[in-house]
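Colleague: Contents of model28.cif (mmCIF, C-alpha atoms) are below:
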```
data_protein
loop_
_atom_site.label_atom_id
_atom_site.label_comp_id
_atom_site.auth_asym_id
_atom_site.auth_seq_id
_atom_site.Cartn_x
_atom_site.Cartn_y
_atom_site.Cartn_z
CA MET K 1 73.24 81.78 -6.35
CA PRO K 2 72.05 80.40 -9.69
CA TYR K 3 69.11 81.97 -11.33
CA TYR K 4 66.19 79.83 -12.62
CA TYR K 5 63.76 81.08 -15.09
CA LYS K 6 60.14 80.68 -14.01
CA PRO K 7 57.70 81.24 -16.81
CA LYS K 8 54.70 83.32 -16.02
CA LYS K 9 51.17 81.88 -16.43
CA THR K 10 49.63 83.43 -19.40
CA ALA K 11 45.90 83.93 -20.04
CA LYS K 12 45.98 81.07 -22.54
CA THR K 13 47.29 78.64 -19.96
CA ARG K 14 44.64 79.64 -17.44
CA THR K 15 41.88 79.18 -20.02
CA SER K 16 43.01 75.59 -20.81
CA ALA K 17 43.05 74.66 -17.13
CA ASN K 18 39.57 76.05 -16.63
CA LYS K 19 38.25 73.97 -19.55
CA LYS K 20 39.59 70.78 -18.01
CA LEU K 21 37.97 71.66 -14.69
CA TYR K 22 34.63 72.35 -16.35
CA ASN K 23 34.81 69.06 -18.29
CA LYS K 24 35.33 67.11 -15.07
CA LEU K 25 32.47 69.00 -13.45
CA PHE K 26 30.09 68.30 -16.34
CA LYS K 27 31.01 64.59 -16.33
CA SER K 28 30.33 64.39 -12.59
CA LEU K 29 27.00 66.16 -13.01
CA GLY K 30 26.05 63.86 -15.89
CA LEU K 31 26.91 60.73 -13.91
CA SER K 32 24.91 61.99 -10.93
CA ALA K 33 21.94 62.78 -13.17
CA GLY K 34 22.12 59.30 -14.69
CA ILE K 35 22.12 57.68 -11.27
CA ILE K 36 19.16 59.81 -10.19
CA LEU K 37 17.19 58.89 -13.34
CA PHE K 38 17.97 55.19 -12.84
CA MET K 39 16.80 55.30 -9.23
CA TYR K 40 13.66 57.15 -10.26
CA PHE K 41 12.92 54.53 -12.94
CA TRP K 42 13.49 51.72 -10.41
CA LEU K 43 11.24 53.30 -7.76
CA VAL K 44 8.45 54.21 -10.18
CA THR K 45 8.47 51.24 -12.57
CA VAL K 46 10.10 48.13 -11.10
CA ILE K 47 9.25 48.10 -7.39
CA PRO K 48 5.44 48.51 -7.83
CA ASN K 49 5.51 45.54 -10.23
CA ILE K 50 8.00 43.37 -8.38
CA ASN K 51 5.49 40.50 -8.09
CA ILE K 52 5.02 40.41 -11.86
CA VAL K 53 8.76 40.43 -12.41
CA TRP K 54 9.19 37.62 -9.88
CA ASP K 55 6.47 35.54 -11.56
CA ILE K 56 8.20 35.97 -14.92
CA PHE K 57 11.47 34.89 -13.37
CA LYS K 58 9.89 31.82 -11.84
CA HIS K 59 8.33 30.82 -15.17
CA ASP K 60 11.59 31.40 -17.01
CA THR K 61 13.45 29.23 -14.49
CA PRO K 62 11.25 26.19 -13.79
CA GLN K 63 12.05 24.30 -10.62
CA GLN K 64 11.02 20.75 -9.96
CA SER K 65 8.65 20.50 -7.01
CA ASN K 66 9.71 18.28 -4.15
CA LEU K 67 6.17 16.87 -4.09
CA THR K 68 6.80 14.92 -7.31
CA THR K 69 9.55 12.96 -5.58
CA ILE K 70 7.30 11.71 -2.78
CA PRO K 71 6.22 8.10 -3.44
CA PRO K 72 2.55 7.10 -3.20
CA SER K 73 1.27 5.68 0.05
CA LYS K 74 1.66 1.97 0.68
CA PRO K 75 -1.27 0.02 -0.88
CA ILE K 76 -3.33 -2.40 1.21
CA LEU K 77 -4.77 -5.77 0.21
CA MET K 78 -8.14 -6.58 1.75
CA ASP K 79 -10.05 -9.75 2.71
CA LEU K 80 -7.69 -12.32 1.22
CA PRO K 81 -8.09 -15.88 2.47
CA THR K 82 -5.19 -17.87 3.84
CA ALA K 83 -6.50 -20.95 2.03
CA THR K 84 -9.12 -21.59 -0.64
CA ASN K 85 -10.56 -24.38 -2.77
CA LYS K 86 -11.16 -22.00 -5.68
CA GLU K 87 -8.73 -21.97 -8.60
CA ARG K 88 -9.42 -18.26 -9.29
CA ILE K 89 -10.04 -15.43 -6.84
CA ASP K 90 -10.80 -11.70 -6.93
CA ILE K 91 -8.18 -9.47 -5.32
CA ARG K 92 -9.24 -6.11 -3.87
CA GLY K 93 -7.52 -3.36 -1.96
CA THR K 94 -6.90 0.35 -1.49
CA ALA K 95 -4.26 2.63 -3.03
CA LYS K 96 -3.84 6.33 -3.81
CA ALA K 97 -6.45 7.38 -6.37
CA GLY K 98 -5.14 7.59 -9.92
CA THR K 99 -2.01 5.52 -9.35
CA THR K 100 -1.18 2.40 -11.31
CA VAL K 101 -1.41 -0.70 -9.12
CA LYS K 102 0.83 -3.62 -10.12
CA LEU K 103 -0.01 -7.15 -8.95
CA TYR K 104 2.83 -9.54 -8.18
CA MET K 105 2.44 -13.28 -7.76
CA ASN K 106 5.43 -15.21 -6.44
CA THR K 107 7.61 -12.09 -7.17
CA ARG K 108 6.47 -11.90 -10.83
CA GLU K 109 4.30 -9.03 -12.13
CA ILE K 110 1.18 -10.49 -13.73
CA GLN K 111 -1.32 -7.62 -14.06
CA LYS K 112 -1.82 -3.91 -13.46
CA THR K 113 -4.83 -1.62 -13.06
CA LEU K 114 -5.70 1.95 -12.01
CA ALA K 115 -6.90 2.85 -8.54
CA ASP K 116 -10.37 4.43 -8.79
CA ASN K 117 -11.35 7.88 -7.55
CA ASP K 118 -12.48 6.26 -4.30
CA ALA K 119 -8.93 4.85 -3.86
CA THR K 120 -9.93 1.21 -4.45
CA PHE K 121 -8.77 -1.33 -7.00
CA THR K 122 -9.84 -4.81 -8.10
CA PHE K 123 -8.20 -7.66 -10.01
CA ASN K 124 -10.86 -10.10 -11.18
CA SER K 125 -10.56 -13.88 -11.56
CA ILE K 126 -6.83 -14.23 -10.85
CA PRO K 127 -5.62 -17.85 -11.26
CA LEU K 128 -3.73 -19.26 -8.28
CA GLN K 129 -0.63 -21.40 -8.38
CA LYS K 130 -0.79 -24.95 -7.16
CA ASP K 131 -0.09 -25.35 -3.47
CA ASN K 132 1.18 -21.92 -2.28
CA THR K 133 0.86 -18.46 -3.85
CA GLU K 134 2.47 -15.30 -2.46
CA ILE K 135 0.73 -12.07 -3.49
CA TYR K 136 1.59 -8.39 -3.04
CA VAL K 137 0.96 -5.10 -4.89
CA VAL K 138 2.87 -1.87 -5.60
CA SER K 139 1.37 1.47 -6.70
CA VAL K 140 3.18 3.81 -9.14
CA ASN K 141 2.37 7.50 -9.75
CA ASP K 142 2.49 9.45 -13.04
CA GLU K 143 6.17 10.32 -12.49
CA GLY K 144 7.02 6.61 -12.32
CA ILE K 145 7.79 6.69 -8.59
CA ALA K 146 6.79 3.45 -6.87
CA SER K 147 5.38 2.99 -3.39
CA GLU K 148 6.55 0.58 -0.77
CA GLN K 149 5.14 -2.85 -1.54
CA SER K 150 2.09 -4.01 0.38
CA GLU K 151 2.16 -6.77 2.94
CA THR K 152 2.75 -10.16 1.30
CA HIS K 153 -0.20 -12.54 1.58
CA LYS K 154 0.31 -16.31 1.31
CA ILE K 155 -2.65 -18.29 -0.06
CA VAL K 156 -2.82 -22.07 -0.01
CA PHE K 157 -4.80 -23.72 -2.79
CA ASP K 158 -6.46 -26.89 -1.50
CA ASN K 159 -9.46 -28.57 -3.11
CA LYS K 160 -9.19 -31.89 -1.28
CA PRO K 161 -11.85 -32.48 1.41
CA PRO K 162 -10.77 -33.75 4.84
CA GLU K 163 -11.17 -37.41 5.74
CA ILE K 164 -13.14 -38.46 8.84
CA THR K 165 -12.56 -41.71 10.73
CA ILE K 166 -14.90 -42.77 13.59
CA THR K 167 -13.06 -44.66 16.35
CA LYS K 168 -15.89 -44.76 18.91
CA PRO K 169 -18.39 -46.38 18.83
CA THR K 170 -16.89 -49.37 17.06
CA SER K 171 -20.35 -50.72 16.19
CA GLN K 172 -23.88 -49.40 15.81
CA SER K 173 -25.07 -51.05 19.04
CA VAL K 174 -24.13 -49.39 22.31
CA GLU K 175 -25.01 -50.66 25.78
CA GLU K 176 -24.19 -48.38 28.69
CA PRO K 177 -25.59 -47.75 32.19
CA ILE K 178 -25.93 -44.01 31.53
CA ASN K 179 -27.18 -41.95 28.61
CA ALA K 180 -24.03 -39.77 28.37
CA TYR K 181 -21.78 -41.13 25.67
CA ARG K 182 -18.61 -39.82 24.01
CA ILE K 183 -18.23 -40.03 20.23
CA GLU K 184 -14.59 -40.03 19.15
CA GLY K 185 -12.66 -40.02 15.91
CA ASN K 186 -9.94 -38.29 13.94
CA VAL K 187 -9.54 -36.09 10.88
CA ASN K 188 -6.49 -36.13 8.60
CA GLU K 189 -5.91 -32.36 8.56
CA ASN K 190 -6.62 -29.18 10.48
CA ALA K 191 -10.40 -28.86 10.39
CA THR K 192 -13.41 -27.86 12.45
CA VAL K 193 -15.55 -30.87 13.39
CA THR K 194 -19.21 -30.62 14.36
CA VAL K 195 -21.68 -33.32 15.45
CA ASN K 196 -25.29 -32.40 14.74
CA GLY K 197 -24.15 -28.75 14.59
CA LYS K 198 -22.27 -28.81 17.90
CA THR K 199 -18.51 -28.22 17.76
CA ALA K 200 -16.36 -31.12 18.89
CA GLN K 201 -13.08 -30.73 20.74
CA THR K 202 -10.24 -31.21 18.23
CA LEU K 203 -6.62 -31.83 19.23
CA TYR K 204 -3.49 -30.82 17.33
CA ASP K 205 -3.03 -34.36 15.98
CA GLY K 206 -6.52 -34.40 14.46
CA GLU K 207 -8.28 -36.41 17.18
CA PHE K 208 -11.72 -35.13 18.12
CA GLY K 209 -14.41 -36.01 20.62
CA ILE K 210 -17.77 -34.83 21.90
CA THR K 211 -20.08 -36.05 24.67
CA ILE K 212 -23.77 -36.39 23.80
CA ASN K 213 -26.86 -37.82 25.47
CA LEU K 214 -28.29 -40.94 23.83
CA ASN K 215 -31.93 -41.86 23.73
CA GLU K 216 -32.90 -45.50 24.09
CA GLY K 217 -33.32 -46.94 20.65
CA GLY K 218 -32.02 -45.35 17.47
CA ASN K 219 -29.93 -42.15 17.40
CA SER K 220 -28.77 -40.48 14.18
CA PHE K 221 -25.81 -38.09 13.96
CA LYS K 222 -24.26 -36.02 11.18
CA ILE K 223 -20.53 -35.51 11.61
CA GLU K 224 -19.08 -32.71 9.49
CA ALA K 225 -15.49 -31.57 9.01
CA VAL K 226 -14.59 -28.27 7.28
CA ASP K 227 -10.97 -27.32 6.61
CA SER K 228 -9.43 -23.83 6.23
CA ALA K 229 -9.95 -23.89 2.44
CA ASP K 230 -13.70 -24.48 3.00
CA ASN K 231 -13.58 -28.08 1.81
CA LYS K 232 -16.28 -30.10 3.54
CA THR K 233 -16.82 -33.77 4.40
CA THR K 234 -19.98 -35.20 5.97
CA LYS K 235 -20.34 -38.61 7.56
CA ASP K 236 -23.50 -40.16 9.00
CA LEU K 237 -23.45 -42.17 12.24
CA TYR K 238 -26.22 -44.33 13.62
CA ILE K 239 -26.23 -45.61 17.21
CA ASN K 240 -28.77 -48.06 18.64
CA PHE K 241 -28.62 -47.46 22.40
CA SER K 242 -29.67 -49.82 25.15
CA LYS K 243 -29.44 -48.80 28.78
CA THR K 244 -28.10 -51.46 31.13
CA ASP K 245 -28.85 -51.83 34.85
#
```
Starting from the coordinates I provided, produce the structure as structure tokens.

Modeller:
Amino acid sequence: MPYYYKPKKTAKTRTSANKKLYNKLFKSLGLSAGIILFMYFWLVTVIPNINIVWDIFKHDTPQQSNLTTIPPSKPILMDLPTATNKERIDIRGTAKAGTTVKLYMNTREIQKTLADNDATFTFNSIPLQKDNTEIYVVSVNDEGIASEQSETHKIVFDNKPPEITITKPTSQSVEEPINAYRIEGNVNENATVTVNGKTAQTLYDGEFGITINLNEGGNSFKIEAVDSADNKTTKDLYINFSKTD
């Protein structure tokens, strides 16, 4: 059986091994102490002031609010006529306070103004186009975000008064067995016709008529026609009535 030499552990060898063991132990104790100090610092310093730290983080990393991406509410135009005999009109409405209100006429931007603190706006003395004008507005906030456009309003410019034609009576003298008599005529456009302040029946083709009671002798009537643009025409009618048997 072969013989192997097995060296004996000397005191020097044991001392070196012990040093390595102590070094590992000291490193472990140092790491543990460092972790304990870090946790103590975190518990004592950071956690009680977490709100301050969070506020600093929020200021250092600004985030755009979703509110700035919301467009202003839809503006509203108020009290606009469908027809007018005026060449210039005032345009009023409501929009979110502080927004810029842009006025469009026949799809072209012509003016802009600010909505007041009471959420109203006014465009003064706006010239109309001949015949038809289409008007709408849009409001824009400080971020340049535009609202939905308002309802479109169509305005007809018409400064020509209606024309009245009397078809009955055909002469100033009227002879009838009864006092009830029907005055008839026509008007060349859509208009409201009154006879001595009483509204006559008007048909779609412009014909009108009204039944009145005649007094024997002279009877005076004022026939008036007013169209949708507020143009007015007045015509006087005189009837000399004689009652027959």

Colleague: Kindly indicate which residue among K:Phe123, K:Asp245, K:Arg108, K:Pro71 lies nearest to Asp90 in chain K, using all atoms listed in the file for the distances.

Modeller: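 That would be K:Phe123, the residue with the smallest distance to Asp90 in chain K.
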
Colleague: Interatomic distance between CA of Lys232 in chain K and CA of Ile91 in chain K?

Modeller: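 CA of Ile91 in chain K lies at a distance of 23.9 Å from CA of Lys232 in chain K.
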
Colleague: For the file shown, what are the residues hit by the PyMOL selection byres ((chain K and resi 211-228) around 6), laid out as a list in words?

Modeller: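 On this input, the PyMOL selection byres ((chain K and resi 211-228) around 6) captures Ala83, Asn179, Ala180, Tyr181, Arg182, Ala191, Thr192, Val193, Thr194, Val195, Asn196, Ile210, Ala229, Asp230, Asn231, Lys232, Thr233, Thr234, Lys235, Asp236, Leu237, Tyr238, Ile239, Asn240, Phe241 and Ser242 of chain K.
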
Colleague: For Ile164 in chain K, which of K:Asn188, K:Ser150, K:Gly209, K:Ile178 is the closest residue, counting all atoms listed in the file?

Modeller: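 Nearest candidate to Ile164 in chain K out of K:Asn188, K:Ser150, K:Gly209, K:Ile178: K:Asn188.
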
Colleague: Could you check which of K:Ile110, K:Ile76, K:Val156, K:Ala119 is closest to Ala97 in chain K, using all atoms listed in the file?

Modeller: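 The answer is K:Ala119, which sits nearest to Ala97 in chain K.
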
Colleague: Using Å and a single decimal, report how far CA of Glu87 in chain K sits from CA of Asn159 in chain K.

Modeller: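 A separation of 8.6 Å between them.
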
Colleague: Which distance in Å separates CA of Thr107 in chain K and CA of Asp158 in chain K, to one decimal?

Modeller: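 Between CA of Thr107 in chain K and CA of Asp158 in chain K the gap is 21.2 Å.
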
Colleague: Mind rebuilding range 209-240 of chain K with N, CA and C atoms and writing that out as a short mmCIF file (atom, residue, chain, number, x, y, z; two decimals), in the coordinates of the input?

Modeller:
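Wrote it out as rebuild-v1.cif, contents follow:
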```cif
data_model
loop_
_atom_site.label_atom_id
_atom_site.label_comp_id
_atom_site.auth_asym_id
_atom_site.auth_seq_id
_atom_site.Cartn_x
_atom_site.Cartn_y
_atom_site.Cartn_z
N GLY K 209 -13.45 -35.29 19.79
CA GLY K 209 -14.41 -36.01 20.62
C GLY K 209 -15.49 -35.06 21.10
N ILE K 210 -16.67 -35.62 21.37
CA ILE K 210 -17.77 -34.83 21.90
C ILE K 210 -18.68 -35.75 22.70
N THR K 211 -19.18 -35.26 23.83
CA THR K 211 -20.08 -36.05 24.67
C THR K 211 -21.52 -35.63 24.37
N ILE K 212 -22.37 -36.65 24.10
CA ILE K 212 -23.77 -36.39 23.80
C ILE K 212 -24.66 -37.30 24.67
N ASN K 213 -25.91 -36.98 24.74
CA ASN K 213 -26.86 -37.82 25.47
C ASN K 213 -27.62 -38.69 24.46
N LEU K 214 -27.61 -40.00 24.72
CA LEU K 214 -28.29 -40.94 23.83
C LEU K 214 -29.70 -41.24 24.34
N ASN K 215 -30.60 -41.37 23.42
CA ASN K 215 -31.93 -41.86 23.73
C ASN K 215 -31.97 -43.36 23.51
N GLU K 216 -32.78 -44.05 24.32
CA GLU K 216 -32.90 -45.50 24.09
C GLU K 216 -33.51 -45.73 22.72
N GLY K 217 -32.89 -46.68 22.02
CA GLY K 217 -33.32 -46.94 20.65
C GLY K 217 -32.35 -46.29 19.67
N GLY K 218 -32.89 -45.89 18.52
CA GLY K 218 -32.02 -45.35 17.47
C GLY K 218 -31.68 -43.88 17.64
N ASN K 219 -30.42 -43.53 17.34
CA ASN K 219 -29.93 -42.15 17.40
C ASN K 219 -29.11 -41.87 16.13
N SER K 220 -29.46 -40.83 15.43
CA SER K 220 -28.77 -40.48 14.18
C SER K 220 -27.94 -39.21 14.38
N PHE K 221 -26.71 -39.24 13.83
CA PHE K 221 -25.81 -38.09 13.96
C PHE K 221 -25.18 -37.78 12.59
N LYS K 222 -24.98 -36.48 12.37
CA LYS K 222 -24.26 -36.02 11.18
C LYS K 222 -22.95 -35.39 11.65
N ILE K 223 -21.85 -36.01 11.25
CA ILE K 223 -20.53 -35.51 11.61
C ILE K 223 -19.96 -34.78 10.39
N GLU K 224 -19.55 -33.55 10.60
CA GLU K 224 -19.08 -32.71 9.49
C GLU K 224 -17.72 -32.12 9.82
N ALA K 225 -16.82 -32.16 8.85
CA ALA K 225 -15.49 -31.57 9.01
C ALA K 225 -15.28 -30.56 7.89
N VAL K 226 -14.85 -29.34 8.26
CA VAL K 226 -14.59 -28.27 7.28
C VAL K 226 -13.17 -27.75 7.51
N ASP K 227 -12.34 -27.78 6.45
CA ASP K 227 -10.97 -27.32 6.61
C ASP K 227 -10.86 -25.82 6.31
N SER K 228 -9.64 -25.27 6.39
CA SER K 228 -9.43 -23.83 6.23
C SER K 228 -9.68 -23.35 4.81
N ALA K 229 -9.67 -24.25 3.83
CA ALA K 229 -9.95 -23.89 2.44
C ALA K 229 -11.43 -24.04 2.11
N ASP K 230 -12.24 -24.33 3.13
CA ASP K 230 -13.70 -24.48 3.00
C ASP K 230 -14.10 -25.77 2.30
N ASN K 231 -13.19 -26.74 2.28
CA ASN K 231 -13.58 -28.08 1.81
C ASN K 231 -14.35 -28.78 2.92
N LYS K 232 -15.37 -29.53 2.54
CA LYS K 232 -16.28 -30.10 3.54
C LYS K 232 -16.48 -31.60 3.30
N THR K 233 -16.50 -32.34 4.42
CA THR K 233 -16.82 -33.77 4.40
C THR K 233 -17.90 -34.06 5.44
N THR K 234 -18.90 -34.85 5.05
CA THR K 234 -19.98 -35.20 5.97
C THR K 234 -20.07 -36.72 6.08
N LYS K 235 -20.22 -37.18 7.33
CA LYS K 235 -20.34 -38.61 7.56
C LYS K 235 -21.51 -38.86 8.51
N ASP K 236 -22.35 -39.81 8.16
CA ASP K 236 -23.50 -40.16 9.00
C ASP K 236 -23.14 -41.27 9.97
N LEU K 237 -23.69 -41.16 11.20
CA LEU K 237 -23.45 -42.17 12.24
C LEU K 237 -24.79 -42.54 12.86
N TYR K 238 -24.99 -43.83 12.98
CA TYR K 238 -26.22 -44.33 13.62
C TYR K 238 -25.84 -45.16 14.83
N ILE K 239 -26.49 -44.86 15.98
CA ILE K 239 -26.23 -45.61 17.21
C ILE K 239 -27.57 -46.13 17.75
N ASN K 240 -27.61 -47.45 17.99
CA ASN K 240 -28.77 -48.06 18.64
C ASN K 240 -28.39 -48.28 20.12
#
```
